[in-house]
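K.L.:
Got a structure for you, target.cif, holding mmCIF, C-alpha atoms; chains and numbers go by the auth columns.
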data_model
loop_
_atom_site.group_PDB
_atom_site.id
_atom_site.type_symbol
_atom_site.label_atom_id
_atom_site.label_comp_id
_atom_site.label_asym_id
_atom_site.label_seq_id
_atom_site.Cartn_x
_atom_site.Cartn_y
_atom_site.Cartn_z
_atom_site.B_iso_or_equiv
_atom_site.auth_seq_id
_atom_site.auth_asym_id
ATOM 1 C CA MET A 1 -4.561 2.388 20.873 0.00 1 N
ATOM 2 C CA GLU A 2 -4.084 6.077 20.188 0.00 2 N
ATOM 3 C CA GLN A 3 -6.429 8.559 21.899 0.00 3 N
ATOM 4 C CA GLU A 4 -9.019 10.088 19.610 0.00 4 N
ATOM 5 C CA ALA A 5 -8.050 13.598 18.565 0.00 5 N
ATOM 6 C CA TRP A 6 -10.845 15.331 20.452 0.00 6 N
ATOM 7 C CA LEU A 7 -9.664 13.679 23.689 0.00 7 N
ATOM 8 C CA SER A 8 -6.041 14.709 23.192 0.00 8 N
ATOM 9 C CA GLY A 9 -6.304 18.277 24.440 0.00 9 N
ATOM 10 C CA MET A 10 -5.983 21.613 22.728 0.00 10 N
ATOM 11 C CA LEU A 11 -4.192 21.928 19.409 0.00 11 N
ATOM 12 C CA ASP A 12 -1.490 24.581 19.254 0.00 12 N
ATOM 13 C CA ASP A 13 -2.600 27.907 17.811 0.00 13 N
ATOM 14 C CA VAL A 14 -6.178 26.798 17.075 0.00 14 N
ATOM 15 C CA PRO A 15 -8.792 29.196 18.463 0.00 15 N
ATOM 16 C CA PRO A 16 -11.002 27.365 20.991 0.00 16 N
ATOM 17 C CA LEU A 17 -14.118 28.141 18.952 0.00 17 N
ATOM 18 C CA LEU A 18 -12.619 26.274 15.991 0.00 18 N
ATOM 19 C CA MET A 19 -11.112 23.388 17.981 0.00 19 N
ATOM 20 C CA PRO A 20 -13.943 20.915 17.175 0.00 20 N
ATOM 21 C CA ALA A 21 -13.403 21.388 13.432 0.00 21 N
ATOM 22 C CA ALA A 22 -9.643 21.031 13.781 0.00 22 N
ATOM 23 C CA HIS A 23 -9.981 17.923 15.964 0.00 23 N
ATOM 24 C CA ALA A 24 -12.342 16.335 13.422 0.00 24 N
ATOM 25 C CA LEU A 25 -9.826 16.948 10.642 0.00 25 N
ATOM 26 C CA VAL A 26 -6.902 15.601 12.680 0.00 26 N
ATOM 27 C CA GLN A 27 -8.937 12.456 13.373 0.00 27 N
ATOM 28 C CA ALA A 28 -9.844 12.154 9.699 0.00 28 N
ATOM 29 C CA ALA A 29 -6.174 12.229 8.700 0.00 29 N
ATOM 30 C CA ARG A 30 -5.370 9.488 11.222 0.00 30 N
ATOM 31 C CA ASP A 31 -8.271 7.354 10.025 0.00 31 N
ATOM 32 C CA ILE A 32 -7.233 7.687 6.381 0.00 32 N
ATOM 33 C CA GLY A 33 -3.762 6.416 7.187 0.00 33 N
ATOM 34 C CA ARG A 34 -5.036 3.371 9.063 0.00 34 N
ATOM 35 C CA ALA A 35 -7.746 2.535 6.512 0.00 35 N
ATOM 36 C CA THR A 36 -5.541 2.693 3.429 0.00 36 N
ATOM 37 C CA GLU A 37 -2.200 1.348 4.655 0.00 37 N
ATOM 38 C CA ASN A 38 -2.788 -2.162 3.265 0.00 38 N
ATOM 39 C CA LEU A 39 -4.854 -1.377 0.153 0.00 39 N
ATOM 40 C CA ASN A 40 -3.440 -2.447 -3.178 0.00 40 N
ATOM 41 C CA ASP A 41 -4.068 -0.637 -6.449 0.00 41 N
ATOM 42 C CA VAL A 42 -6.958 -2.904 -7.454 0.00 42 N
ATOM 43 C CA GLU A 43 -8.716 -2.478 -4.101 0.00 43 N
ATOM 44 C CA LEU A 44 -8.236 1.287 -4.342 0.00 44 N
ATOM 45 C CA TRP A 45 -10.589 1.411 -7.347 0.00 45 N
ATOM 46 C CA THR A 46 -12.917 -1.495 -6.524 0.00 46 N
ATOM 47 C CA LYS A 47 -16.581 -0.460 -6.433 0.00 47 N
ATOM 48 C CA PRO A 48 -18.254 -2.866 -4.023 0.00 48 N
ATOM 49 C CA ASN A 49 -21.839 -3.295 -5.171 0.00 49 N
ATOM 50 C CA GLY A 50 -21.484 -0.122 -7.235 0.00 50 N
ATOM 51 C CA ALA A 51 -20.410 2.109 -4.304 0.00 51 N
ATOM 52 C CA PRO A 52 -17.787 4.772 -5.003 0.00 52 N
ATOM 53 C CA PRO A 53 -14.249 3.411 -4.610 0.00 53 N
ATOM 54 C CA VAL A 54 -11.750 4.464 -1.957 0.00 54 N
ATOM 55 C CA GLY A 55 -9.764 6.270 -4.677 0.00 55 N
ATOM 56 C CA PHE A 56 -12.693 8.567 -5.424 0.00 56 N
ATOM 57 C CA HIS A 57 -13.132 9.460 -1.753 0.00 57 N
ATOM 58 C CA LEU A 58 -9.412 10.208 -1.333 0.00 58 N
ATOM 59 C CA LEU A 59 -9.398 12.472 -4.385 0.00 59 N
ATOM 60 C CA HIS A 60 -12.603 14.143 -3.236 0.00 60 N
ATOM 61 C CA VAL A 61 -11.325 14.787 0.295 0.00 61 N
ATOM 62 C CA ALA A 62 -8.159 16.373 -1.080 0.00 62 N
ATOM 63 C CA GLY A 63 -10.007 18.498 -3.616 0.00 63 N
ATOM 64 C CA SER A 64 -12.941 19.541 -1.461 0.00 64 N
ATOM 65 C CA CYS A 65 -10.717 20.781 1.370 0.00 65 N
ATOM 66 C CA GLY A 66 -8.966 23.120 -1.045 0.00 66 N
ATOM 67 C CA ARG A 67 -12.175 24.249 -2.734 0.00 67 N
ATOM 68 C CA LEU A 68 -13.963 24.999 0.533 0.00 68 N
ATOM 69 C CA LEU A 69 -10.938 26.888 1.875 0.00 69 N
ATOM 70 C CA THR A 70 -10.960 28.943 -1.331 0.00 70 N
ATOM 71 C CA TYR A 71 -14.554 29.944 -0.621 0.00 71 N
ATOM 72 C CA ALA A 72 -13.718 30.624 3.051 0.00 72 N
ATOM 73 C CA ARG A 73 -11.079 33.117 1.881 0.00 73 N
ATOM 74 C CA GLY A 74 -13.737 34.811 -0.250 0.00 74 N
ATOM 75 C CA GLU A 75 -12.175 33.673 -3.524 0.00 75 N
ATOM 76 C CA THR A 76 -13.578 31.857 -6.544 0.00 76 N
ATOM 77 C CA LEU A 77 -12.404 28.497 -7.788 0.00 77 N
ATOM 78 C CA SER A 78 -9.604 28.330 -10.333 0.00 78 N
ATOM 79 C CA ASP A 79 -9.755 26.457 -13.635 0.00 79 N
ATOM 80 C CA GLU A 80 -7.363 23.912 -12.089 0.00 80 N
ATOM 81 C CA GLN A 81 -9.785 23.309 -9.196 0.00 81 N
ATOM 82 C CA PHE A 82 -12.687 22.817 -11.605 0.00 82 N
ATOM 83 C CA ALA A 83 -10.615 20.367 -13.666 0.00 83 N
ATOM 84 C CA ALA A 84 -9.650 18.403 -10.540 0.00 84 N
ATOM 85 C CA LEU A 85 -13.307 18.255 -9.501 0.00 85 N
ATOM 86 C CA ALA A 86 -14.292 16.867 -12.894 0.00 86 N
ATOM 87 C CA ALA A 87 -11.571 14.184 -12.664 0.00 87 N
ATOM 88 C CA GLU A 88 -12.387 12.934 -9.154 0.00 88 N
ATOM 89 C CA ASP A 89 -14.660 10.109 -10.258 0.00 89 N
ATOM 90 C CA LYS A 90 -12.300 8.822 -12.962 0.00 90 N
ATOM 91 C CA ILE A 91 -10.095 5.837 -12.188 0.00 91 N
ATOM 92 C CA ASP A 92 -6.472 6.969 -12.026 0.00 92 N
ATOM 93 C CA ASN A 93 -4.123 3.994 -11.935 0.00 93 N
ATOM 94 C CA SER A 94 -1.104 6.307 -12.074 0.00 94 N
ATOM 95 C CA LYS A 95 -1.240 6.876 -8.300 0.00 95 N
ATOM 96 C CA SER A 96 -1.084 4.294 -5.531 0.00 96 N
ATOM 97 C CA ALA A 97 -3.260 4.181 -2.433 0.00 97 N
ATOM 98 C CA VAL A 98 -0.295 5.487 -0.453 0.00 98 N
ATOM 99 C CA GLU A 99 0.092 8.466 -2.804 0.00 99 N
ATOM 100 C CA LEU A 100 -3.615 9.347 -2.846 0.00 100 N
ATOM 101 C CA ALA A 101 -3.883 8.953 0.934 0.00 101 N
ATOM 102 C CA GLY A 102 -0.792 11.126 1.356 0.00 102 N
ATOM 103 C CA LYS A 103 -2.309 13.867 -0.795 0.00 103 N
ATOM 104 C CA ALA A 104 -5.590 13.749 1.123 0.00 104 N
ATOM 105 C CA VAL A 105 -3.765 13.961 4.466 0.00 105 N
ATOM 106 C CA GLU A 106 -1.600 16.811 3.144 0.00 106 N
ATOM 107 C CA GLU A 107 -4.704 18.802 2.169 0.00 107 N
ATOM 108 C CA ILE A 108 -6.330 18.077 5.537 0.00 108 N
ATOM 109 C CA GLU A 109 -3.199 19.354 7.289 0.00 109 N
ATOM 110 C CA LYS A 110 -3.335 22.532 5.173 0.00 110 N
ATOM 111 C CA ALA A 111 -6.955 22.970 6.247 0.00 111 N
ATOM 112 C CA VAL A 112 -6.014 22.655 9.925 0.00 112 N
ATOM 113 C CA LYS A 113 -3.285 25.270 9.428 0.00 113 N
ATOM 114 C CA GLU A 114 -5.699 27.626 7.706 0.00 114 N
ATOM 115 C CA ILE A 115 -8.286 27.091 10.436 0.00 115 N
ATOM 116 C CA SER A 116 -5.663 27.884 13.062 0.00 116 N
ATOM 117 C CA SER A 117 -4.797 31.152 11.335 0.00 117 N
ATOM 118 C CA THR A 118 -8.399 32.271 10.830 0.00 118 N
ATOM 119 C CA PRO A 119 -9.133 35.372 12.911 0.00 119 N
ATOM 120 C CA VAL A 120 -12.099 34.728 15.187 0.00 120 N
ATOM 121 C CA GLY A 121 -13.430 38.164 14.246 0.00 121 N
ATOM 122 C CA SER A 122 -13.855 37.019 10.636 0.00 122 N
ATOM 123 C CA LEU A 123 -15.967 33.930 11.375 0.00 123 N
ATOM 124 C CA PHE A 124 -19.308 35.507 10.547 0.00 124 N
ATOM 125 C CA GLU A 125 -18.186 37.362 7.444 0.00 125 N
ATOM 126 C CA LYS A 126 -20.434 36.502 4.526 0.00 126 N
ATOM 127 C CA ARG A 127 -19.198 34.156 1.856 0.00 127 N
ATOM 128 C CA GLU A 128 -20.658 32.651 -1.304 0.00 128 N
ATOM 129 C CA VAL A 129 -20.334 29.098 -2.560 0.00 129 N
ATOM 130 C CA GLY A 130 -20.366 27.852 -6.114 0.00 130 N
ATOM 131 C CA ARG A 131 -21.570 29.267 -9.373 0.00 131 N
ATOM 132 C CA ARG A 132 -24.959 29.922 -7.817 0.00 132 N
ATOM 133 C CA LYS A 133 -23.268 31.971 -5.063 0.00 133 N
ATOM 134 C CA LEU A 134 -25.121 30.249 -2.242 0.00 134 N
ATOM 135 C CA PRO A 135 -24.874 32.248 0.987 0.00 135 N
ATOM 136 C CA THR A 136 -22.859 31.134 4.015 0.00 136 N
ATOM 137 C CA ASN A 137 -20.090 32.508 6.228 0.00 137 N
ATOM 138 C CA VAL A 138 -16.509 31.632 7.143 0.00 138 N
ATOM 139 C CA PHE A 139 -17.619 29.716 10.251 0.00 139 N
ATOM 140 C CA GLY A 140 -20.050 27.574 8.269 0.00 140 N
ATOM 141 C CA LEU A 141 -17.436 26.782 5.637 0.00 141 N
ATOM 142 C CA LEU A 142 -14.787 25.776 8.182 0.00 142 N
ATOM 143 C CA PHE A 143 -17.180 23.460 9.964 0.00 143 N
ATOM 144 C CA HIS A 144 -18.425 22.068 6.667 0.00 144 N
ATOM 145 C CA ILE A 145 -14.848 21.164 5.717 0.00 145 N
ATOM 146 C CA ALA A 146 -14.644 19.088 8.891 0.00 146 N
ATOM 147 C CA GLU A 147 -18.011 17.353 8.679 0.00 147 N
ATOM 148 C CA HIS A 148 -17.771 16.774 4.937 0.00 148 N
ATOM 149 C CA THR A 149 -14.291 15.295 5.317 0.00 149 N
ATOM 150 C CA GLN A 150 -15.462 13.054 8.167 0.00 150 N
ATOM 151 C CA ARG A 151 -18.360 11.810 6.037 0.00 151 N
ATOM 152 C CA HIS A 152 -16.047 10.764 3.224 0.00 152 N
ATOM 153 C CA VAL A 153 -13.477 9.289 5.586 0.00 153 N
ATOM 154 C CA GLY A 154 -16.244 7.113 7.033 0.00 154 N
ATOM 155 C CA GLN A 155 -16.824 5.843 3.508 0.00 155 N
ATOM 156 C CA ILE A 156 -13.087 5.273 3.041 0.00 156 N
ATOM 157 C CA VAL A 157 -12.900 3.215 6.231 0.00 157 N
ATOM 158 C CA THR A 158 -15.975 1.135 5.395 0.00 158 N
ATOM 159 C CA THR A 159 -15.143 0.575 1.734 0.00 159 N
ATOM 160 C CA ALA A 160 -11.524 -0.315 2.533 0.00 160 N
ATOM 161 C CA LYS A 161 -12.748 -2.952 4.995 0.00 161 N
ATOM 162 C CA ILE A 162 -15.136 -4.397 2.419 0.00 162 N
ATOM 163 C CA VAL A 163 -12.659 -4.568 -0.459 0.00 163 N
ATOM 164 C CA GLY A 164 -9.838 -5.748 1.821 0.00 164 N
ATOM 165 C CA ALA A 165 -11.940 -8.546 3.335 0.00 165 N
ATOM 166 C CA ALA A 166 -11.381 -10.710 0.270 0.00 166 N
ATOM 167 C CA LYS A 167 -7.698 -11.017 1.275 0.00 167 N
ATOM 168 C CA ASN A 168 -8.530 -12.498 4.674 0.00 168 N
#
Please express the file's structure as structure tokens.
P.N.:
Amino acid sequence: MEQEAWLSGMLDDVPPLLMPAAHALVQAARDIGRATENLNDVELWTKPNGAPPVGFHLLHVAGSCGRLLTYARGETLSDEQFAALAAEDKIDNSKSAVELAGKAVEEIEKAVKEISSTPVGSLFEKREVGRRKLPTNVFGLLFHIAEHTQRHVGQIVTTAKIVGAAKN
């Protein structure tokens, strides 16, 4: 079995202060791949006992990484980002589990790259989130990307096991 990311040593070019967030994201990408590799298109959108389907969580992980990075850069969300957010809970049979998982992993990898290029001196610069302009800072946003992603990946893993159990 592969070592967990946080036990695998330093990641190239990631500032030590941001290593925990980067490790959490690397682990999330690995977990997504393992959890979704055998899901079919029906299982992707199955809502066990009304819980959100794996497809929703994959779309949300991909979208939220990009949105939170936008805020970390001090920017506002684009119309495209708002449209993607509105579509996250809609069943989209045009994409397979492999495609949605690939997109989520791609966005996680972009987040790790952006974390690695974040100057440590900028971590406590003020930032605002959402239409209500809630106060935070770069550091808080980068860590929130990691913990928020991990939370949804936990749901992906659990839901995939539940909906895949019917095959066994």
K.L.:
Find the spatial neighbours of N:Ser78, counting all atoms listed in the file, within a cut-off of 12 Å - ignore same-chain residues fewer than 4 positions away - and output them as a PyMOL selection string.
P.N.:
chain N and resi 63+66-67+70-71+82-85+130
K.L.:
I need the residue set behind the PyMOL selection byres ((chain N and resi 43) around 10) for this file; please write it as a ChimeraX atom specification.
P.N.:
/N:36,38-42,44-48,53-55,97,159-164,166
K.L.:
So that I can see what lies close to N:His152, please list as a JSON list (two decimals) with C-alpha atoms, in the frame of the given file the residues with an atom at most 9 Å from it, counting all atoms listed in the file and leaving out residues fewer than 2 positions away in the same chain.
P.N.:
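New file part.json:
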[["chain", "number", "residue", "atom", "x", "y", "z"],
["N", 57, "HIS", "CA", -13.13, 9.46, -1.75],
["N", 58, "LEU", "CA", -9.41, 10.21, -1.33],
["N", 60, "HIS", "CA", -12.60, 14.14, -3.24],
["N", 61, "VAL", "CA", -11.32, 14.79, 0.30],
["N", 147, "GLU", "CA", -18.01, 17.35, 8.68],
["N", 148, "HIS", "CA", -17.77, 16.77, 4.94],
["N", 149, "THR", "CA", -14.29, 15.30, 5.32],
["N", 150, "GLN", "CA", -15.46, 13.05, 8.17],
["N", 154, "GLY", "CA", -16.24, 7.11, 7.03],
["N", 155, "GLN", "CA", -16.82, 5.84, 3.51],
["N", 156, "ILE", "CA", -13.09, 5.27, 3.04],
["N", 157, "VAL", "CA", -12.90, 3.22, 6.23]]
K.L.:
Could you tell me which of N:Ala111, N:Leu134, N:Leu11, N:Leu18 comes closest to N:Leu68 if we count all atoms listed in the file?
P.N.:
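Result for the nearest residue to N:Leu68: N:Ala111.
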K.L.:
N:Asn49, N:Asp31, N:His23, N:Ala72: which is nearest N:Pro135, counting all atoms listed in the file?
P.N.:
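Distance minimum relative to N:Pro135 lands on N:Ala72.
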K.L.:
Where's the centre, and what are the edge lengths in Å to one decimal, of a box along x, y and z enclosing all listed atoms of stretch 131-134 of chain N padded 6 Å per side, as lines of an AutoDock Vina configuration file?
P.N.:
center_x = -23.3
center_y = 30.6
center_z = -5.8
size_x = 15.6
size_y = 14.7
size_z = 19.1
K.L.:
Just checking: using only C-alpha atoms, which residue out of N:Leu77, N:Cys65, N:Lys113, N:Gln3 ends up closest to N:His144?
P.N.:
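Of the candidates, the smallest distance to N:His144 is held by N:Cys65.
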K.L.:
To one decimal in Å, tell me the separation between atom CA of N:Phe139 and atom CA of N:Gly102.
P.N.:
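A separation of 26.6 Å between them.
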K.L.:
Between N:Ile145, N:Ala24, N:Val14, N:Leu59, which is the closest to N:Ala101 once you count only C-alpha atoms?
P.N.:
N:Leu59
K.L.:
With distances taken over all atoms listed in the file, which of N:Ala62, N:Ser8, N:Glu125, N:Gln81 is nearest to N:Glu109?
P.N.:
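Closest residue, counting all atoms listed in the file: N:Ala62.
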K.L.:
What is the distance between atom CA of N:Ile91 and atom CA of N:Arg131, in Å to one decimal?
P.N.:
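Separation between atom CA of N:Ile91 and atom CA of N:Arg131: 26.2 Å.
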K.L.:
Which of these residues is nearest to N:Ser116, using all atoms listed in the file: N:Asp13, N:Asp92, N:Glu4, N:Glu80?
P.N.:
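Looking only at the distances to N:Ser116, the closest residue turns out to be N:Asp13.
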K.L.:
Between atom CA of N:Ser96 and atom CA of N:Ala35, what is the distance in Å, rounded to a tenth?
P.N.:
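Atom CA of N:Ala35 lies at a distance of 13.9 Å from atom CA of N:Ser96.
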K.L.:
Which neighbours of N:Val120 fall inside 10 Å, counting only C-alpha atoms, when residues of the same chain fewer than 5 positions from it are skipped, and could you give them as a ChimeraX atom specification?
P.N.:
/N:15-18,115,138-139
